$ cat structure33.txt   # compact mmCIF, N, CA and C atoms
# COMPACT_ATOMS: atom_id res chain seq x y z
N MET A 1 -14.10 15.66 -19.11
CA MET A 1 -14.72 15.61 -17.80
C MET A 1 -15.21 14.20 -17.44
N PRO A 2 -15.60 13.38 -18.40
CA PRO A 2 -16.01 12.01 -18.04
C PRO A 2 -14.89 11.21 -17.38
N GLU A 3 -13.65 11.40 -17.83
CA GLU A 3 -12.52 10.68 -17.24
C GLU A 3 -12.31 11.13 -15.79
N LYS A 4 -12.46 12.41 -15.53
CA LYS A 4 -12.32 12.95 -14.17
C LYS A 4 -13.42 12.38 -13.27
N ALA A 5 -14.65 12.38 -13.75
CA ALA A 5 -15.76 11.84 -12.96
C ALA A 5 -15.54 10.36 -12.67
N SER A 6 -15.05 9.63 -13.65
CA SER A 6 -14.78 8.20 -13.48
C SER A 6 -13.70 7.98 -12.41
N ALA A 7 -12.66 8.80 -12.43
CA ALA A 7 -11.59 8.68 -11.42
C ALA A 7 -12.13 8.99 -10.03
N LEU A 8 -12.96 10.02 -9.92
CA LEU A 8 -13.54 10.37 -8.62
C LEU A 8 -14.48 9.28 -8.12
N GLN A 9 -15.24 8.68 -9.03
CA GLN A 9 -16.13 7.59 -8.65
C GLN A 9 -15.32 6.38 -8.16
N ALA A 10 -14.21 6.08 -8.84
CA ALA A 10 -13.35 4.97 -8.41
C ALA A 10 -12.81 5.24 -7.02
N LEU A 11 -12.46 6.48 -6.73
CA LEU A 11 -11.97 6.85 -5.40
C LEU A 11 -13.07 6.65 -4.35
N MET A 12 -14.29 7.03 -4.67
CA MET A 12 -15.40 6.83 -3.74
C MET A 12 -15.63 5.35 -3.46
N VAL A 13 -15.56 4.53 -4.48
CA VAL A 13 -15.76 3.08 -4.30
C VAL A 13 -14.68 2.52 -3.40
N LYS A 14 -13.44 3.00 -3.58
CA LYS A 14 -12.35 2.52 -2.73
C LYS A 14 -12.51 2.97 -1.28
N LEU A 15 -12.86 4.24 -1.09
CA LEU A 15 -12.91 4.80 0.26
C LEU A 15 -14.24 4.56 0.97
N GLN A 16 -15.27 4.26 0.20
CA GLN A 16 -16.58 4.00 0.80
C GLN A 16 -17.18 2.76 0.13
N PRO A 17 -16.53 1.59 0.33
CA PRO A 17 -16.96 0.38 -0.37
C PRO A 17 -18.38 -0.06 -0.02
N GLU A 18 -18.87 0.37 1.12
CA GLU A 18 -20.23 -0.01 1.51
C GLU A 18 -21.28 0.75 0.70
N GLY A 19 -20.83 1.72 -0.10
CA GLY A 19 -21.77 2.49 -0.92
C GLY A 19 -22.41 3.59 -0.12
N GLY A 20 -23.65 3.89 -0.45
CA GLY A 20 -24.38 4.93 0.26
C GLY A 20 -24.24 6.30 -0.37
N HIS A 21 -23.47 6.42 -1.42
CA HIS A 21 -23.36 7.71 -2.10
C HIS A 21 -23.94 7.58 -3.50
N LYS A 22 -24.37 8.71 -4.02
CA LYS A 22 -24.88 8.73 -5.39
C LYS A 22 -23.69 8.63 -6.34
N PRO A 23 -23.71 7.72 -7.29
CA PRO A 23 -22.57 7.57 -8.20
C PRO A 23 -22.21 8.89 -8.88
N ILE A 24 -20.92 9.13 -9.00
CA ILE A 24 -20.43 10.37 -9.63
C ILE A 24 -20.38 10.14 -11.14
N LEU A 25 -21.21 10.87 -11.84
CA LEU A 25 -21.27 10.80 -13.30
C LEU A 25 -21.06 12.19 -13.87
N ALA A 26 -20.30 12.31 -14.94
CA ALA A 26 -19.97 13.61 -15.52
C ALA A 26 -21.20 14.37 -15.96
N ASP A 27 -22.23 13.67 -16.43
CA ASP A 27 -23.41 14.37 -16.94
C ASP A 27 -24.50 14.57 -15.89
N ASP A 28 -24.22 14.23 -14.64
CA ASP A 28 -25.19 14.42 -13.57
C ASP A 28 -25.14 15.88 -13.11
N PRO A 29 -26.24 16.61 -13.24
CA PRO A 29 -26.25 18.02 -12.84
C PRO A 29 -25.87 18.23 -11.37
N ALA A 30 -26.16 17.25 -10.53
CA ALA A 30 -25.84 17.37 -9.10
C ALA A 30 -24.33 17.41 -8.86
N TYR A 31 -23.55 16.80 -9.74
CA TYR A 31 -22.10 16.74 -9.56
C TYR A 31 -21.33 17.60 -10.55
N ARG A 32 -21.98 18.07 -11.60
CA ARG A 32 -21.27 18.75 -12.69
C ARG A 32 -20.35 19.87 -12.18
N GLY A 33 -20.85 20.75 -11.34
CA GLY A 33 -20.04 21.86 -10.83
C GLY A 33 -18.88 21.38 -9.97
N ASN A 34 -19.16 20.39 -9.13
CA ASN A 34 -18.10 19.85 -8.25
C ASN A 34 -17.01 19.16 -9.05
N VAL A 35 -17.41 18.37 -10.03
CA VAL A 35 -16.42 17.67 -10.87
C VAL A 35 -15.58 18.68 -11.63
N LYS A 36 -16.25 19.71 -12.15
CA LYS A 36 -15.53 20.74 -12.91
C LYS A 36 -14.56 21.50 -12.01
N GLY A 37 -14.91 21.72 -10.76
CA GLY A 37 -14.11 22.52 -9.86
C GLY A 37 -12.99 21.79 -9.13
N VAL A 38 -12.87 20.50 -9.34
CA VAL A 38 -11.84 19.71 -8.66
C VAL A 38 -10.76 19.31 -9.66
N ALA A 39 -9.52 19.46 -9.24
CA ALA A 39 -8.41 19.04 -10.10
C ALA A 39 -8.11 17.56 -9.85
N VAL A 40 -7.98 16.81 -10.91
CA VAL A 40 -7.57 15.42 -10.85
C VAL A 40 -6.37 15.29 -11.78
N VAL A 41 -5.28 14.76 -11.27
CA VAL A 41 -4.05 14.68 -12.04
C VAL A 41 -3.70 13.21 -12.27
N ARG A 42 -3.36 12.88 -13.50
CA ARG A 42 -2.90 11.54 -13.81
C ARG A 42 -1.38 11.59 -13.94
N ILE A 43 -0.72 10.64 -13.31
CA ILE A 43 0.73 10.54 -13.38
C ILE A 43 1.07 9.23 -14.08
N ASN A 44 1.73 9.33 -15.20
CA ASN A 44 2.17 8.14 -15.93
C ASN A 44 3.60 7.84 -15.50
N VAL A 45 3.79 6.71 -14.85
CA VAL A 45 5.10 6.33 -14.35
C VAL A 45 5.90 5.70 -15.48
N GLU A 46 7.07 6.25 -15.72
CA GLU A 46 7.96 5.71 -16.74
C GLU A 46 9.04 4.83 -16.13
N HIS A 47 9.40 5.12 -14.90
CA HIS A 47 10.43 4.35 -14.22
C HIS A 47 10.16 4.41 -12.72
N MET A 48 10.37 3.29 -12.06
CA MET A 48 10.16 3.26 -10.63
C MET A 48 11.27 2.40 -10.01
N SER A 49 11.78 2.84 -8.88
CA SER A 49 12.75 2.05 -8.16
C SER A 49 12.35 2.06 -6.69
N ALA A 50 12.89 1.12 -5.96
CA ALA A 50 12.53 1.02 -4.55
C ALA A 50 13.73 0.59 -3.74
N LYS A 51 13.68 0.89 -2.46
CA LYS A 51 14.71 0.46 -1.53
C LYS A 51 14.00 -0.26 -0.40
N PHE A 52 14.48 -1.41 -0.06
CA PHE A 52 13.85 -2.19 0.99
C PHE A 52 14.81 -2.35 2.16
N LYS A 53 14.28 -2.21 3.34
CA LYS A 53 15.06 -2.42 4.56
C LYS A 53 14.47 -3.64 5.27
N PHE A 54 15.33 -4.54 5.64
CA PHE A 54 14.89 -5.76 6.32
C PHE A 54 15.45 -5.86 7.73
N GLY A 55 15.69 -4.70 8.34
CA GLY A 55 16.18 -4.69 9.70
C GLY A 55 17.67 -4.87 9.83
N GLN A 56 18.43 -4.58 8.76
CA GLN A 56 19.87 -4.78 8.79
C GLN A 56 20.54 -4.00 9.91
N ASN A 57 20.00 -2.84 10.25
CA ASN A 57 20.64 -1.99 11.25
C ASN A 57 19.99 -2.10 12.62
N GLU A 58 19.13 -3.08 12.78
CA GLU A 58 18.44 -3.28 14.05
C GLU A 58 19.11 -4.42 14.83
N THR A 59 19.01 -4.36 16.13
CA THR A 59 19.51 -5.46 16.95
C THR A 59 18.49 -6.60 16.92
N LEU A 60 18.93 -7.78 17.28
CA LEU A 60 18.00 -8.91 17.35
C LEU A 60 16.87 -8.61 18.31
N GLU A 61 17.20 -7.91 19.39
CA GLU A 61 16.19 -7.54 20.39
C GLU A 61 15.10 -6.67 19.76
N ASP A 62 15.48 -5.76 18.87
CA ASP A 62 14.51 -4.89 18.20
C ASP A 62 13.77 -5.61 17.08
N ARG A 63 14.44 -6.57 16.43
CA ARG A 63 13.83 -7.28 15.30
C ARG A 63 12.88 -8.38 15.76
N ALA A 64 13.13 -8.98 16.91
CA ALA A 64 12.33 -10.11 17.37
C ALA A 64 10.83 -9.80 17.42
N PRO A 65 10.40 -8.66 17.97
CA PRO A 65 8.95 -8.38 17.99
C PRO A 65 8.37 -8.21 16.58
N VAL A 66 9.18 -7.70 15.66
CA VAL A 66 8.71 -7.54 14.28
C VAL A 66 8.49 -8.92 13.66
N LEU A 67 9.47 -9.80 13.83
CA LEU A 67 9.35 -11.16 13.29
C LEU A 67 8.13 -11.88 13.90
N GLU A 68 7.98 -11.75 15.21
CA GLU A 68 6.86 -12.40 15.89
C GLU A 68 5.53 -11.82 15.40
N GLY A 69 5.47 -10.51 15.23
CA GLY A 69 4.25 -9.88 14.73
C GLY A 69 3.89 -10.35 13.33
N LEU A 70 4.89 -10.50 12.47
CA LEU A 70 4.65 -11.00 11.13
C LEU A 70 4.13 -12.44 11.18
N ARG A 71 4.77 -13.26 12.05
CA ARG A 71 4.33 -14.66 12.20
C ARG A 71 2.89 -14.74 12.66
N GLU A 72 2.54 -13.95 13.66
CA GLU A 72 1.19 -13.98 14.22
C GLU A 72 0.16 -13.49 13.22
N ARG A 73 0.50 -12.42 12.49
CA ARG A 73 -0.45 -11.86 11.53
C ARG A 73 -0.70 -12.84 10.39
N GLY A 74 0.36 -13.47 9.90
CA GLY A 74 0.22 -14.48 8.86
C GLY A 74 -0.39 -13.98 7.56
N GLY A 75 -0.10 -12.74 7.22
CA GLY A 75 -0.62 -12.17 5.97
C GLY A 75 0.01 -12.81 4.74
N GLU A 76 -0.52 -12.44 3.60
CA GLU A 76 -0.11 -13.04 2.32
C GLU A 76 1.40 -12.99 2.09
N LEU A 77 2.05 -11.89 2.43
CA LEU A 77 3.49 -11.74 2.17
C LEU A 77 4.34 -11.81 3.43
N ASP A 78 3.71 -12.07 4.58
CA ASP A 78 4.45 -12.05 5.84
C ASP A 78 5.53 -13.13 5.92
N HIS A 79 5.23 -14.36 5.50
CA HIS A 79 6.23 -15.43 5.54
C HIS A 79 7.41 -15.08 4.63
N GLU A 80 7.10 -14.57 3.45
CA GLU A 80 8.17 -14.18 2.52
C GLU A 80 9.03 -13.07 3.12
N THR A 81 8.41 -12.13 3.81
CA THR A 81 9.15 -11.04 4.45
C THR A 81 10.08 -11.58 5.53
N ILE A 82 9.60 -12.53 6.33
CA ILE A 82 10.44 -13.15 7.36
C ILE A 82 11.65 -13.82 6.71
N GLU A 83 11.42 -14.54 5.62
CA GLU A 83 12.53 -15.21 4.94
C GLU A 83 13.52 -14.21 4.36
N LEU A 84 13.04 -13.09 3.84
CA LEU A 84 13.95 -12.06 3.31
C LEU A 84 14.74 -11.42 4.44
N MET A 85 14.10 -11.23 5.59
CA MET A 85 14.82 -10.68 6.74
C MET A 85 15.93 -11.64 7.15
N ARG A 86 15.66 -12.93 7.14
CA ARG A 86 16.69 -13.92 7.48
C ARG A 86 17.81 -13.93 6.44
N LYS A 87 17.43 -13.85 5.18
CA LYS A 87 18.42 -13.90 4.09
C LYS A 87 19.37 -12.70 4.13
N TYR A 88 18.81 -11.51 4.33
CA TYR A 88 19.62 -10.30 4.27
C TYR A 88 20.20 -9.88 5.63
N CYS A 89 19.85 -10.59 6.66
CA CYS A 89 20.41 -10.31 7.99
C CYS A 89 20.82 -11.62 8.65
N PRO A 90 21.71 -12.40 8.02
CA PRO A 90 22.07 -13.70 8.58
C PRO A 90 22.70 -13.61 9.95
N GLN A 91 23.29 -12.47 10.26
CA GLN A 91 23.90 -12.28 11.58
C GLN A 91 22.86 -12.24 12.68
N HIS A 92 21.59 -12.14 12.33
CA HIS A 92 20.52 -12.02 13.33
C HIS A 92 19.59 -13.21 13.32
N ASN A 93 20.02 -14.36 12.90
CA ASN A 93 19.11 -15.51 12.81
C ASN A 93 18.89 -16.22 14.13
N GLY A 94 19.50 -15.78 15.17
CA GLY A 94 19.28 -16.41 16.47
C GLY A 94 18.00 -15.89 17.09
N GLY A 95 17.70 -16.33 18.28
CA GLY A 95 16.54 -15.82 19.01
C GLY A 95 15.23 -16.34 18.47
N SER A 96 14.19 -15.51 18.57
CA SER A 96 12.83 -15.89 18.19
C SER A 96 12.74 -16.12 16.70
N GLN A 97 12.53 -17.35 16.27
CA GLN A 97 12.43 -17.68 14.85
C GLN A 97 11.04 -18.05 14.56
$ encode --input "structure33.txt" --output "structure tokens"
Amino acid sequence: MPEKASALQALMVKLQPEGGHKPILADDPAYRGNVKGVAVVRINVEHMSAKFKFGQNETLEDRAPVLEGLRERGGELDHETIELMRKYCPQHNGGSQ
């Protein structure tokens, strides 16, 4: 039960980072029944694969707003995403760059 309480507490920290809740502890009588009554499942990943789409099936007209949005947002991976879109869709390198 301590592992379950720890997982639930981690979820609370993620979803309510500002705090304001009583920490979930396995030995806390206020939470004991709730922790016991909730199922928490751990999934151990042995293999993972992914498929990425970079707009290969989109027209330049449809891709342009996406590229512009990525440029404007300027997030950590946005520039890399723009470059991957250019690399995997060379037929669409015209227009808004």
$ atom_distance --input "structure33.txt" --atom1 "atom N of Glu3 in chain A" --atom2 "atom N of Asn34 in chain A"
13.7 Å
$ select_by_dssp --input "structure33.txt" --residues "chain A" --states "alpha helix (DSSP H)" --output "NGL selection string"
:A and (2-15 or 29-37 or 60-73 or 78-88)
$ closest_residue --input "structure33.txt" --among "A:Thr81, A:Ala7, A:Tyr31, A:Met48" --to "Val66 in chain A" --atoms "only C-alpha atoms"
A:Thr81
$ closest_residue --input "structure33.txt" --among "A:Arg73, A:Lys87, A:Ala5, A:His21" --to "Lys36 in chain A" --atoms "only C-alpha atoms"
A:Ala5
$ atom_distance --input "structure33.txt" --atom1 "atom N of His79 in chain A" --atom2 "atom C of His47 in chain A"
26.6 Å
$ atom_distance --input "structure33.txt" --atom1 "atom C of Phe54 in chain A" --atom2 "CA of Met85 in chain A"
5.0 Å
$ axis_aligned_box --input "structure33.txt" --around "range 38-45 of chain A" --padding-each-side "3 Å" --output "JSON"
{"center_x": -3.5, "center_y": 13.1, "center_z": -12.3, "size_x": 24.8, "size_y": 20.8, "size_z": 13.3}
$ build_atoms --input "structure33.txt" --residues "range 5-27 of chain A" --atoms "N, CA, C and O atoms" --output "mmCIF file, in the coordinates of the input"
data_model
loop_
_atom_site.group_PDB
_atom_site.id
_atom_site.type_symbol
_atom_site.label_atom_id
_atom_site.label_comp_id
_atom_site.auth_asym_id
_atom_site.auth_seq_id
_atom_site.Cartn_x
_atom_site.Cartn_y
_atom_site.Cartn_z
ATOM 1 N N ALA A 5 -14.650 12.380 -13.750
ATOM 2 C CA ALA A 5 -15.760 11.840 -12.960
ATOM 3 C C ALA A 5 -15.540 10.360 -12.670
ATOM 4 O O ALA A 5 -15.792 9.885 -11.556
ATOM 5 N N SER A 6 -15.050 9.630 -13.650
ATOM 6 C CA SER A 6 -14.780 8.200 -13.480
ATOM 7 C C SER A 6 -13.700 7.980 -12.410
ATOM 8 O O SER A 6 -13.811 7.064 -11.580
ATOM 9 N N ALA A 7 -12.660 8.800 -12.430
ATOM 10 C CA ALA A 7 -11.590 8.680 -11.420
ATOM 11 C C ALA A 7 -12.130 8.990 -10.030
ATOM 12 O O ALA A 7 -11.813 8.295 -9.060
ATOM 13 N N LEU A 8 -12.960 10.020 -9.920
ATOM 14 C CA LEU A 8 -13.540 10.370 -8.620
ATOM 15 C C LEU A 8 -14.480 9.280 -8.120
ATOM 16 O O LEU A 8 -14.518 8.959 -6.930
ATOM 17 N N GLN A 9 -15.240 8.680 -9.030
ATOM 18 C CA GLN A 9 -16.130 7.590 -8.650
ATOM 19 C C GLN A 9 -15.320 6.380 -8.160
ATOM 20 O O GLN A 9 -15.675 5.741 -7.169
ATOM 21 N N ALA A 10 -14.210 6.080 -8.840
ATOM 22 C CA ALA A 10 -13.350 4.970 -8.410
ATOM 23 C C ALA A 10 -12.810 5.240 -7.020
ATOM 24 O O ALA A 10 -12.709 4.319 -6.186
ATOM 25 N N LEU A 11 -12.460 6.480 -6.730
ATOM 26 C CA LEU A 11 -11.970 6.850 -5.400
ATOM 27 C C LEU A 11 -13.070 6.650 -4.350
ATOM 28 O O LEU A 11 -12.809 6.126 -3.273
ATOM 29 N N MET A 12 -14.290 7.030 -4.670
ATOM 30 C CA MET A 12 -15.400 6.830 -3.740
ATOM 31 C C MET A 12 -15.630 5.350 -3.460
ATOM 32 O O MET A 12 -15.868 4.954 -2.316
ATOM 33 N N VAL A 13 -15.560 4.530 -4.480
ATOM 34 C CA VAL A 13 -15.760 3.080 -4.300
ATOM 35 C C VAL A 13 -14.680 2.520 -3.400
ATOM 36 O O VAL A 13 -14.943 1.692 -2.524
ATOM 37 N N LYS A 14 -13.440 3.000 -3.580
ATOM 38 C CA LYS A 14 -12.350 2.520 -2.730
ATOM 39 C C LYS A 14 -12.510 2.970 -1.280
ATOM 40 O O LYS A 14 -12.318 2.196 -0.356
ATOM 41 N N LEU A 15 -12.860 4.240 -1.090
ATOM 42 C CA LEU A 15 -12.910 4.800 0.260
ATOM 43 C C LEU A 15 -14.240 4.560 0.970
ATOM 44 O O LEU A 15 -14.299 4.671 2.186
ATOM 45 N N GLN A 16 -15.270 4.260 0.200
ATOM 46 C CA GLN A 16 -16.580 4.000 0.800
ATOM 47 C C GLN A 16 -17.180 2.760 0.130
ATOM 48 O O GLN A 16 -18.197 2.830 -0.553
ATOM 49 N N PRO A 17 -16.530 1.590 0.330
ATOM 50 C CA PRO A 17 -16.960 0.380 -0.370
ATOM 51 C C PRO A 17 -18.380 -0.060 -0.020
ATOM 52 O O PRO A 17 -19.008 -0.789 -0.792
ATOM 53 N N GLU A 18 -18.870 0.370 1.120
ATOM 54 C CA GLU A 18 -20.230 -0.010 1.510
ATOM 55 C C GLU A 18 -21.280 0.750 0.700
ATOM 56 O O GLU A 18 -22.476 0.480 0.798
ATOM 57 N N GLY A 19 -20.830 1.720 -0.100
ATOM 58 C CA GLY A 19 -21.770 2.490 -0.920
ATOM 59 C C GLY A 19 -22.410 3.590 -0.120
ATOM 60 O O GLY A 19 -21.814 4.158 0.786
ATOM 61 N N GLY A 20 -23.650 3.890 -0.450
ATOM 62 C CA GLY A 20 -24.380 4.930 0.260
ATOM 63 C C GLY A 20 -24.240 6.300 -0.370
ATOM 64 O O GLY A 20 -24.847 7.258 0.107
ATOM 65 N N HIS A 21 -23.470 6.420 -1.420
ATOM 66 C CA HIS A 21 -23.360 7.710 -2.100
ATOM 67 C C HIS A 21 -23.940 7.580 -3.500
ATOM 68 O O HIS A 21 -24.015 6.482 -4.060
ATOM 69 N N LYS A 22 -24.370 8.710 -4.020
ATOM 70 C CA LYS A 22 -24.880 8.730 -5.390
ATOM 71 C C LYS A 22 -23.690 8.630 -6.340
ATOM 72 O O LYS A 22 -22.705 9.360 -6.175
ATOM 73 N N PRO A 23 -23.710 7.720 -7.290
ATOM 74 C CA PRO A 23 -22.570 7.570 -8.200
ATOM 75 C C PRO A 23 -22.210 8.890 -8.880
ATOM 76 O O PRO A 23 -23.083 9.666 -9.267
ATOM 77 N N ILE A 24 -20.920 9.130 -9.000
ATOM 78 C CA ILE A 24 -20.430 10.370 -9.630
ATOM 79 C C ILE A 24 -20.380 10.140 -11.140
ATOM 80 O O ILE A 24 -19.597 9.323 -11.629
ATOM 81 N N LEU A 25 -21.210 10.870 -11.840
ATOM 82 C CA LEU A 25 -21.270 10.800 -13.300
ATOM 83 C C LEU A 25 -21.060 12.190 -13.870
ATOM 84 O O LEU A 25 -21.614 13.175 -13.353
ATOM 85 N N ALA A 26 -20.300 12.310 -14.940
ATOM 86 C CA ALA A 26 -19.970 13.610 -15.520
ATOM 87 C C ALA A 26 -21.200 14.370 -15.960
ATOM 88 O O ALA A 26 -21.243 15.602 -15.867
ATOM 89 N N ASP A 27 -22.230 13.670 -16.430
ATOM 90 C CA ASP A 27 -23.410 14.370 -16.940
ATOM 91 C C ASP A 27 -24.500 14.570 -15.890
ATOM 92 O O ASP A 27 -25.586 15.058 -16.203
#
